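**Student:** Just one file: start-v8.pdb, with PDB, C-alpha atoms.
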ATOM      1  CA  MET A  25       3.737-108.622  15.525
ATOM      2  CA  LEU A  26       4.092-109.389  11.818
ATOM      3  CA  SER A  27       1.041-110.181   9.730
ATOM      4  CA  SER A  28       0.493-113.800   8.721
ATOM      5  CA  LYS A  29       0.968-112.838   5.050
ATOM      6  CA  GLU A  30       4.428-111.446   5.730
ATOM      7  CA  MET A  31       5.412-114.688   7.442
ATOM      8  CA  LEU A  32       4.640-116.837   4.376
ATOM      9  CA  ASP A  33       7.499-118.158   2.219
ATOM     10  CA  GLY A  34       5.628-117.972  -1.102
ATOM     11  CA  HIS A  35       6.759-114.465  -2.005
ATOM     12  CA  GLY A  36       9.676-113.790   0.301
ATOM     13  CA  GLU A  37      13.269-112.843  -0.277
ATOM     14  CA  GLU A  38      14.230-116.505   0.126
ATOM     15  CA  SER A  39      11.619-117.925  -2.257
ATOM     16  CA  PRO A  40      12.893-119.992  -5.254
ATOM     17  CA  TYR A  41      11.658-117.253  -7.600
ATOM     18  CA  PHE A  42      13.854-114.525  -6.123
ATOM     19  CA  GLN A  43      16.772-116.875  -5.513
ATOM     20  CA  GLY A  44      16.741-117.617  -9.241
ATOM     21  CA  TRP A  45      16.742-113.894 -10.029
ATOM     22  CA  LYS A  46      19.777-113.352  -7.790
ATOM     23  CA  GLU A  47      21.733-116.110  -9.520
ATOM     24  CA  TYR A  48      20.836-114.683 -12.940
ATOM     25  CA  GLU A  49      21.970-111.165 -11.978
ATOM     26  CA  LYS A  50      25.308-112.526 -10.750
ATOM     27  CA  ASN A  51      25.964-114.474 -13.954
ATOM     28  CA  ALA A  52      23.802-113.082 -16.783
ATOM     29  CA  TYR A  53      24.263-114.428 -20.300
ATOM     30  CA  ASP A  54      25.893-112.236 -22.947
ATOM     31  CA  ASP A  55      26.687-113.628 -26.406
ATOM     32  CA  VAL A  56      30.079-111.905 -26.392
ATOM     33  CA  GLN A  57      31.121-111.146 -22.809
ATOM     34  CA  ASN A  58      29.606-114.173 -21.036
ATOM     35  CA  PRO A  59      28.380-116.884 -23.461
ATOM     36  CA  THR A  60      28.223-119.517 -20.665
ATOM     37  CA  GLY A  61      26.062-117.348 -18.399
ATOM     38  CA  ILE A  62      22.486-117.889 -17.294
ATOM     39  CA  ILE A  63      19.630-117.104 -19.704
ATOM     40  CA  GLN A  64      16.568-115.658 -17.982
ATOM     41  CA  MET A  65      13.618-117.722 -19.199
ATOM     42  CA  GLY A  66      11.322-117.213 -16.223
ATOM     43  CA  LEU A  67      10.022-113.785 -17.204
ATOM     44  CA  ALA A  68       8.085-112.849 -20.346
ATOM     45  CA  GLU A  69       8.851-109.275 -21.402
ATOM     46  CA  ASN A  70       8.879-107.576 -24.793
ATOM     47  CA  GLN A  71      12.243-105.841 -24.474
ATOM     48  CA  ALA A  72      12.135-104.789 -28.138
ATOM     49  CA  LEU A  73       9.894-101.914 -27.059
ATOM     50  CA  LEU A  74      12.592-100.575 -24.762
ATOM     51  CA  ARG A  75      14.305 -99.035 -27.802
ATOM     52  CA  LEU A  76      11.092 -97.192 -28.747
ATOM     53  CA  LEU A  77      10.609 -96.029 -25.170
ATOM     54  CA  ARG A  78      14.191 -94.784 -24.959
ATOM     55  CA  THR A  79      13.740 -92.857 -28.231
ATOM     56  CA  TRP A  80      10.522 -91.292 -26.911
ATOM     57  CA  LEU A  81      12.252 -90.217 -23.684
ATOM     58  CA  GLU A  82      15.161 -88.759 -25.661
ATOM     59  CA  ASN A  83      12.699 -86.746 -27.761
ATOM     60  CA  ASN A  84      10.642 -85.692 -24.734
ATOM     61  CA  GLN A  85      13.301 -84.766 -22.253
ATOM     62  CA  ASP A  86      10.897 -82.695 -20.175
ATOM     63  CA  ALA A  87       9.804 -86.064 -18.792
ATOM     64  CA  THR A  88      13.203 -86.666 -17.152
ATOM     65  CA  ARG A  89      14.334 -83.094 -16.393
ATOM     66  CA  LEU A  90      11.407 -82.169 -14.135
ATOM     67  CA  THR A  91      10.493 -79.414 -16.570
ATOM     68  CA  ASN A  92       7.644 -78.532 -18.900
ATOM     69  CA  ASN A  93       8.583 -76.300 -21.837
ATOM     70  CA  ARG A  94      11.815 -75.603 -19.898
ATOM     71  CA  GLU A  95       9.806 -74.359 -16.904
ATOM     72  CA  SER A  96      10.400 -76.138 -13.592
ATOM     73  CA  VAL A  97       7.560 -78.383 -12.443
ATOM     74  CA  PHE A  98       9.153 -79.110  -9.062
ATOM     75  CA  ARG A  99       6.264 -77.527  -7.163
ATOM     76  CA  ASP A 100       3.731 -79.650  -9.044
ATOM     77  CA  LEU A 101       5.705 -82.800  -8.267
ATOM     78  CA  ALA A 102       6.150 -81.855  -4.619
ATOM     79  CA  LEU A 103       2.368 -81.447  -4.320
ATOM     80  CA  PHE A 104       1.664 -84.570  -6.399
ATOM     81  CA  GLN A 105      -1.655 -86.357  -5.959
ATOM     82  CA  ASP A 106      -2.641 -89.740  -7.386
ATOM     83  CA  TYR A 107      -4.999 -88.119  -9.931
ATOM     84  CA  HIS A 108      -2.114 -86.091 -11.396
ATOM     85  CA  GLY A 109       0.545 -87.418 -13.780
ATOM     86  CA  LEU A 110       2.478 -86.512 -16.884
ATOM     87  CA  PRO A 111      -0.168 -85.695 -19.561
ATOM     88  CA  ALA A 112       2.169 -86.350 -22.511
ATOM     89  CA  PHE A 113       3.026 -89.800 -21.197
ATOM     90  CA  LYS A 114      -0.594 -90.675 -20.444
ATOM     91  CA  ASN A 115      -1.675 -89.519 -23.906
ATOM     92  CA  VAL A 116       0.969 -91.684 -25.593
ATOM     93  CA  LEU A 117      -0.073 -94.670 -23.463
ATOM     94  CA  ALA A 118      -3.741 -94.109 -24.342
ATOM     95  CA  GLU A 119      -2.904 -93.916 -28.063
ATOM     96  CA  PHE A 120      -0.891 -97.148 -27.843
ATOM     97  CA  MET A 121      -3.693 -98.999 -26.056
ATOM     98  CA  ALA A 122      -6.210 -97.682 -28.575
ATOM     99  CA  GLU A 123      -4.034 -98.837 -31.489
ATOM    100  CA  ILE A 124      -3.654-102.412 -30.233
ATOM    101  CA  ARG A 125      -7.395-102.549 -29.613
ATOM    102  CA  GLY A 126      -8.244-101.532 -33.167
ATOM    103  CA  ASN A 127      -8.664 -97.836 -32.254
ATOM    104  CA  LYS A 128     -11.222 -98.756 -29.590
ATOM    105  CA  LEU A 129      -9.901 -97.664 -26.213
ATOM    106  CA  ILE A 130     -12.279 -99.674 -24.092
ATOM    107  CA  TYR A 131     -10.534-101.105 -21.507
ATOM    108  CA  ASP A 132      -0.724-118.685  -7.821
ATOM    109  CA  ARG A 133       1.717-116.806  -6.243
ATOM    110  CA  ASP A 134       0.976-113.143  -5.920
ATOM    111  CA  LEU A 135      -2.789-113.461  -6.315
ATOM    112  CA  LYS A 136      -3.242-116.058  -3.583
ATOM    113  CA  TRP A 137      -0.566-114.682  -1.284
ATOM    114  CA  ARG A 138      -1.814-111.108  -1.357
ATOM    115  CA  THR A 139      -5.563-111.671  -1.237
ATOM    116  CA  GLY A 140      -6.040-115.031   0.424
ATOM    117  CA  VAL A 141      -8.301-116.284  -2.383
ATOM    118  CA  GLU A 142      -8.394-119.934  -3.373
ATOM    119  CA  LEU A 143      -7.509-120.799  -6.977
ATOM    120  CA  VAL A 144      -8.764-123.688  -9.100
ATOM    121  CA  SER A 145      -7.027-124.206 -12.445
ATOM    122  CA  ILE A 146      -8.896-124.526 -15.737
ATOM    123  CA  HIS A 147      -7.155-127.431 -17.432
ATOM    124  CA  CYS A 148      -6.491-127.009 -21.157
ATOM    125  CA  SER A 149      -5.191-129.505 -23.693
ATOM    126  CA  SER A 150      -2.618-129.376 -26.488
ATOM    127  CA  SER A 151      -5.065-131.275 -28.694
ATOM    128  CA  ASN A 152      -7.018-128.067 -29.398
ATOM    129  CA  GLY A 153      -4.258-125.506 -28.999
ATOM    130  CA  PHE A 154      -4.869-125.061 -25.251
ATOM    131  CA  LYS A 155      -8.214-123.349 -25.804
ATOM    132  CA  ILE A 156     -10.568-122.792 -22.880
ATOM    133  CA  THR A 157     -13.591-124.975 -23.575
ATOM    134  CA  LYS A 158     -17.055-125.217 -22.053
ATOM    135  CA  PHE A 159     -16.107-128.636 -20.657
ATOM    136  CA  ALA A 160     -12.907-127.317 -19.036
ATOM    137  CA  LEU A 161     -14.790-124.401 -17.434
ATOM    138  CA  GLU A 162     -17.518-126.658 -16.068
ATOM    139  CA  GLU A 163     -14.969-129.194 -14.810
ATOM    140  CA  ALA A 164     -13.086-126.490 -12.880
ATOM    141  CA  TYR A 165     -16.357-125.109 -11.509
ATOM    142  CA  GLN A 166     -17.477-128.528 -10.263
ATOM    143  CA  GLU A 167     -14.053-129.111  -8.676
ATOM    144  CA  ALA A 168     -14.431-125.814  -6.796
ATOM    145  CA  GLN A 169     -17.909-126.827  -5.672
ATOM    146  CA  LYS A 170     -16.562-130.113  -4.255
ATOM    147  CA  LEU A 171     -14.018-128.097  -2.250
ATOM    148  CA  SER A 172     -16.882-125.935  -0.912
ATOM    149  CA  PHE A 173     -15.462-122.823  -2.587
ATOM    150  CA  ASN A 174     -17.793-119.932  -3.332
ATOM    151  CA  VAL A 175     -16.835-119.270  -6.949
ATOM    152  CA  LYS A 176     -16.590-115.525  -7.556
ATOM    153  CA  GLY A 177     -15.159-115.364 -11.065
ATOM    154  CA  VAL A 178     -12.927-116.556 -13.888
ATOM    155  CA  PHE A 179      -9.456-115.038 -14.280
ATOM    156  CA  ILE A 180      -7.737-115.342 -17.674
ATOM    157  CA  THR A 181      -4.672-113.958 -19.443
ATOM    158  CA  ASN A 182      -5.355-112.859 -23.018
ATOM    159  CA  PRO A 183      -3.143-113.243 -25.021
ATOM    160  CA  SER A 184      -2.015-116.374 -23.233
ATOM    161  CA  ASN A 185       1.175-116.546 -21.193
ATOM    162  CA  PRO A 186       3.393-118.293 -22.261
ATOM    163  CA  LEU A 187       1.860-119.366 -25.608
ATOM    164  CA  GLY A 188       0.992-115.901 -26.906
ATOM    165  CA  THR A 189      -2.263-117.187 -28.418
ATOM    166  CA  THR A 190      -5.506-115.233 -28.307
ATOM    167  CA  MET A 191      -8.789-116.807 -27.327
ATOM    168  CA  SER A 192     -12.446-116.859 -28.254
ATOM    169  CA  HIS A 193     -14.668-115.150 -25.701
ATOM    170  CA  VAL A 194     -17.899-116.982 -26.555
ATOM    171  CA  GLU A 195     -17.504-119.796 -24.034
ATOM    172  CA  LEU A 196     -16.231-117.449 -21.320
ATOM    173  CA  ILE A 197     -19.087-114.979 -21.715
ATOM    174  CA  THR A 198     -21.742-117.701 -21.874
ATOM    175  CA  PHE A 199     -20.280-119.381 -18.786
ATOM    176  CA  SER A 200     -20.055-116.132 -16.801
ATOM    177  CA  VAL A 201     -23.662-115.269 -17.635
ATOM    178  CA  ALA A 202     -24.912-118.736 -16.663
ATOM    179  CA  LYS A 203     -23.014-118.840 -13.348
ATOM    180  CA  LYS A 204     -23.519-115.124 -12.561
ATOM    181  CA  ILE A 205     -19.825-114.671 -11.812
ATOM    182  CA  HIS A 206     -17.167-112.094 -12.625
ATOM    183  CA  LEU A 207     -14.862-112.294 -15.648
ATOM    184  CA  ILE A 208     -11.405-110.755 -15.219
ATOM    185  CA  SER A 209      -9.076-110.533 -18.220
ATOM    186  CA  ASP A 210      -5.379-109.736 -17.828
ATOM    187  CA  ASP A 211      -4.505-108.030 -21.138
ATOM    188  CA  ILE A 212      -0.870-107.515 -20.181
ATOM    189  CA  PHE A 213       0.394-108.980 -23.510
ATOM    190  CA  SER A 214      -2.225-107.336 -25.747
ATOM    191  CA  GLY A 215       0.418-105.334 -27.627
ATOM    192  CA  THR A 216       2.681-108.339 -28.239
ATOM    193  CA  LEU A 217       1.104-110.642 -30.820
ATOM    194  CA  PHE A 218       2.143-113.020 -33.557
ATOM    195  CA  GLU A 219       1.549-111.556 -37.019
ATOM    196  CA  ASN A 220      -1.280-113.945 -37.856
ATOM    197  CA  LEU A 221      -3.279-113.166 -34.698
ATOM    198  CA  SER A 222      -5.687-110.373 -33.867
ATOM    199  CA  PHE A 223      -6.636-109.139 -30.417
ATOM    200  CA  ILE A 224     -10.167-108.426 -29.199
ATOM    201  CA  SER A 225     -10.680-107.327 -25.611
ATOM    202  CA  ILE A 226     -13.339-108.963 -23.474
ATOM    203  CA  ILE A 227     -15.175-105.624 -23.258
ATOM    204  CA  GLU A 228     -15.387-105.433 -27.067
ATOM    205  CA  ALA A 229     -16.696-109.002 -27.159
ATOM    206  CA  VAL A 230     -19.415-108.121 -24.650
ATOM    207  CA  ILE A 231     -20.388-105.040 -26.694
ATOM    208  CA  ASN A 232     -20.464-107.078 -29.901
ATOM    209  CA  ARG A 233     -22.987-109.391 -28.257
ATOM    210  CA  LYS A 234     -25.033-106.349 -27.133
ATOM    211  CA  LEU A 235     -24.786-107.195 -23.440
ATOM    212  CA  GLU A 236     -24.063-103.678 -22.163
ATOM    213  CA  LYS A 237     -27.449-103.397 -20.439
ATOM    214  CA  THR A 238     -27.240-106.766 -18.677
ATOM    215  CA  ASP A 239     -25.835-107.427 -15.221
ATOM    216  CA  LEU A 240     -22.731-108.978 -16.858
ATOM    217  CA  TRP A 241     -21.620-105.451 -17.823
ATOM    218  CA  SER A 242     -20.657-104.711 -14.217
ATOM    219  CA  ARG A 243     -18.924-108.069 -13.762
ATOM    220  CA  VAL A 244     -16.347-107.767 -16.581
ATOM    221  CA  HIS A 245     -12.975-106.247 -15.691
ATOM    222  CA  ILE A 246      -9.670-105.689 -17.503
ATOM    223  CA  VAL A 247      -6.234-105.284 -15.954
ATOM    224  CA  TYR A 248      -3.106-104.076 -17.748
ATOM    225  CA  SER A 249       0.459-103.076 -16.908
ATOM    226  CA  LEU A 250       3.569-101.616 -18.525
ATOM    227  CA  SER A 251       5.668-104.578 -17.355
ATOM    228  CA  LYS A 252       5.367-106.820 -20.426
ATOM    229  CA  ASP A 253       4.573-104.949 -23.664
ATOM    230  CA  PHE A 254       6.918-102.122 -22.631
ATOM    231  CA  SER A 255       9.313-104.234 -20.530
ATOM    232  CA  ILE A 256       9.512-101.618 -17.781
ATOM    233  CA  PRO A 257       8.333-103.405 -14.611
ATOM    234  CA  GLY A 258      10.397-100.975 -12.561
ATOM    235  CA  PHE A 259       7.877 -98.229 -13.306
ATOM    236  CA  ARG A 260       5.318-100.167 -11.195
ATOM    237  CA  VAL A 261       2.388 -98.960 -13.329
ATOM    238  CA  GLY A 262      -0.831-100.982 -13.404
ATOM    239  CA  MET A 263      -4.338-100.175 -14.625
ATOM    240  CA  ILE A 264      -7.867-101.450 -14.087
ATOM    241  CA  TYR A 265     -10.816-100.946 -16.436
ATOM    242  CA  SER A 266     -14.245-101.765 -15.056
ATOM    243  CA  ASN A 267     -17.838-100.584 -15.317
ATOM    244  CA  ASN A 268     -18.422-101.651 -11.717
ATOM    245  CA  GLU A 269     -18.615 -98.548  -9.524
ATOM    246  CA  ARG A 270     -17.675-100.494  -6.412
ATOM    247  CA  VAL A 271     -14.538-101.941  -8.058
ATOM    248  CA  VAL A 272     -13.443 -98.534  -9.366
ATOM    249  CA  SER A 273     -14.119 -96.840  -6.016
ATOM    250  CA  THR A 274     -12.186 -99.495  -4.096
ATOM    251  CA  ALA A 275      -9.272 -99.406  -6.555
ATOM    252  CA  THR A 276      -9.125 -95.620  -6.278
ATOM    253  CA  LYS A 277      -8.914 -95.840  -2.498
ATOM    254  CA  MET A 278      -6.316 -98.594  -2.595
ATOM    255  CA  SER A 279      -4.165 -96.616  -5.032
ATOM    256  CA  SER A 280      -3.462 -94.149  -2.230
ATOM    257  CA  TYR A 281      -1.383 -96.892  -0.566
ATOM    258  CA  GLY A 282       0.693 -97.621  -3.660
ATOM    259  CA  LEU A 283       1.188 -94.420  -5.642
ATOM    260  CA  ILE A 284       3.205 -94.699  -8.817
ATOM    261  CA  SER A 285       6.058 -92.396  -9.715
ATOM    262  CA  SER A 286       5.074 -88.738  -9.888
ATOM    263  CA  GLN A 287       6.656 -88.704 -13.349
ATOM    264  CA  THR A 288       4.054 -91.162 -14.645
TER     265      THR A 288
END
Would you mind giving the structure from this file in structure tokens?

**Tutor:**
Amino acid sequence: MLSSKEMLDGHGEESPYFQGWKEYEKNAYDDVQNPTGIIQMGLAENQALLRLLRTWLENNQDATRLTNNRESVFRDLALFQDYHGLPAFKNVLAEFMAEIRGNKLIYDRDLKWRTGVELVSIHCSSSNGFKITKFALEEAYQEAQKLSFNVKGVFITNPSNPLGTTMSHVELITFSVAKKIHLISDDIFSGTLFENLSFISIIEAVINRKLEKTDLWSRVHIVYSLSKDFSIPGFRVGMIYSNNERVVSTATKMSSYGLISSQT
């Protein structure tokens, strides 16, 4: 018997998303070799950072040779546990995340298909630069209520995908406090900003409002990945930052079912 999730078409091999990827890979655009090919516009990745990553790997070849100071680390990799990893890589990642956060290292398809949650969109308008307003939040909340949904939280992407704009947290924090719900911020583009924009994480915004000792502190969560800023989705590296012990404990247990590469 296959699970009901595996029988859905929303994320299968035959879904429009993956069919598009297959067509792109068969006929990818190249300004010299294939100027009439397909341009991939369905995925937002900062591939400029690939050059920096390649340079770092060339200068830190222990990362790819299974060695540390020319000593084999095969035994360590063979006995790898999910709390291990490559310290040099993790340190560089931590420094990068700290830099894009101002030297403060405080950290419908997949979401619905994998978890079974119901999603209600927060509608934004071009008239104000697609900002999330108090009215838009309340409108979405009331729509969920009419559908008899038990609203658990607000899920945002900051900076925005695909606009790349950053947002004010005032309305989001006020709304989350009033409704006693969770606030989840996907910071996956936090290192890829327009020059005239600055990035402030939701955790920093909560600290700036001195809300660390309120119950909101345990309902704010940040997720991040290497897929966009670094353009290396193949590494399958994702992170969660939360002050909620139950969330961290559950994520730690779940990570045992999806370990990342022993190199990372």

**Student:** Could you check which of A:Ile197, A:Val247, A:Val116, A:Ala229 is closest to Val261 (chain A), using all atoms listed in the file?

**Tutor:**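 So, comparing all the options, the nearest one is A:Val247.
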
**Student:** For the structure shown, which residues end up in the PyMOL selection byres ((chain A and resi 215) around 7)? Put them as a PDB file with C-alpha atoms, in the frame of the given file, please?

**Tutor:**
ATOM      1  CA  ILE A 124      -3.654-102.412 -30.233  1.00  0.00           C
ATOM      2  CA  PHE A 213       0.394-108.980 -23.510  1.00  0.00           C
ATOM      3  CA  SER A 214      -2.225-107.336 -25.747  1.00  0.00           C
ATOM      4  CA  THR A 216       2.681-108.339 -28.239  1.00  0.00           C
ATOM      5  CA  LEU A 217       1.104-110.642 -30.820  1.00  0.00           C
ATOM      6  CA  ASP A 253       4.573-104.949 -23.664  1.00  0.00           C
TER       7      ASP A 253
END

**Student:** Using only C-alpha atoms, which of the listed residues (A:Phe254, A:Ala168, A:Met191, A:Thr139) sits closest to Leu77 (chain A)?

**Tutor:**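 Nearest candidate to Leu77 (chain A) out of A:Phe254, A:Ala168, A:Met191, A:Thr139: A:Phe254.
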
**Student:** Contacts of Leu240 (chain A) at 12 Å or less, counting all atoms listed in the file, minus same-chain residues fewer than 2 places along, as a PyMOL selection string?

**Tutor:** chain A and resi 177+196-208+226-227+229-231+233-238+242-245+266-268

**Student:** For a test of reading the model, state the distance in Å between CA of Met263 (chain A) and CA of Lys277 (chain A), rounded to one decimal.

**Tutor:**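 Pair CA of Met263 (chain A) / CA of Lys277 (chain A) returns 13.7 Å.
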
**Student:** Residues within 7 Å of Lys158 (chain A), please, as a PyMOL selection string. Count only C-alpha atoms; anything in the same chain fewer than 3 positions from it doesn't count.

**Tutor:** chain A and resi 161-162+195

**Student:** Between CA of Glu163 (chain A) and CA of Trp241 (chain A), what distance in Å does the model show, to one decimal?

**Tutor:**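 A separation of 24.8 Å between them.
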
**Student:** With all atoms listed in the file as the atoms that count, which of A:Ala160, A:Ile264, A:Leu171, A:Leu74 lies nearest to Asp210 (chain A)?

**Tutor:**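 Using all atoms listed in the file, Asp210 (chain A) sits closest to A:Ile264.
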
**Student:** Check the smallest atom-to-atom distance from each of A:Thr91, A:Gln64, A:Thr276, A:Thr189 to Gly44 (chain A) using all atoms listed in the file, then report the winner.

**Tutor:**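 The closest residue to Gly44 (chain A) is A:Gln64.
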
**Student:** Please indicate the distance in Å from CA of Asn185 (chain A) to CA of Leu76 (chain A), rounded to one decimal place.

**Tutor:** 23.0 Å
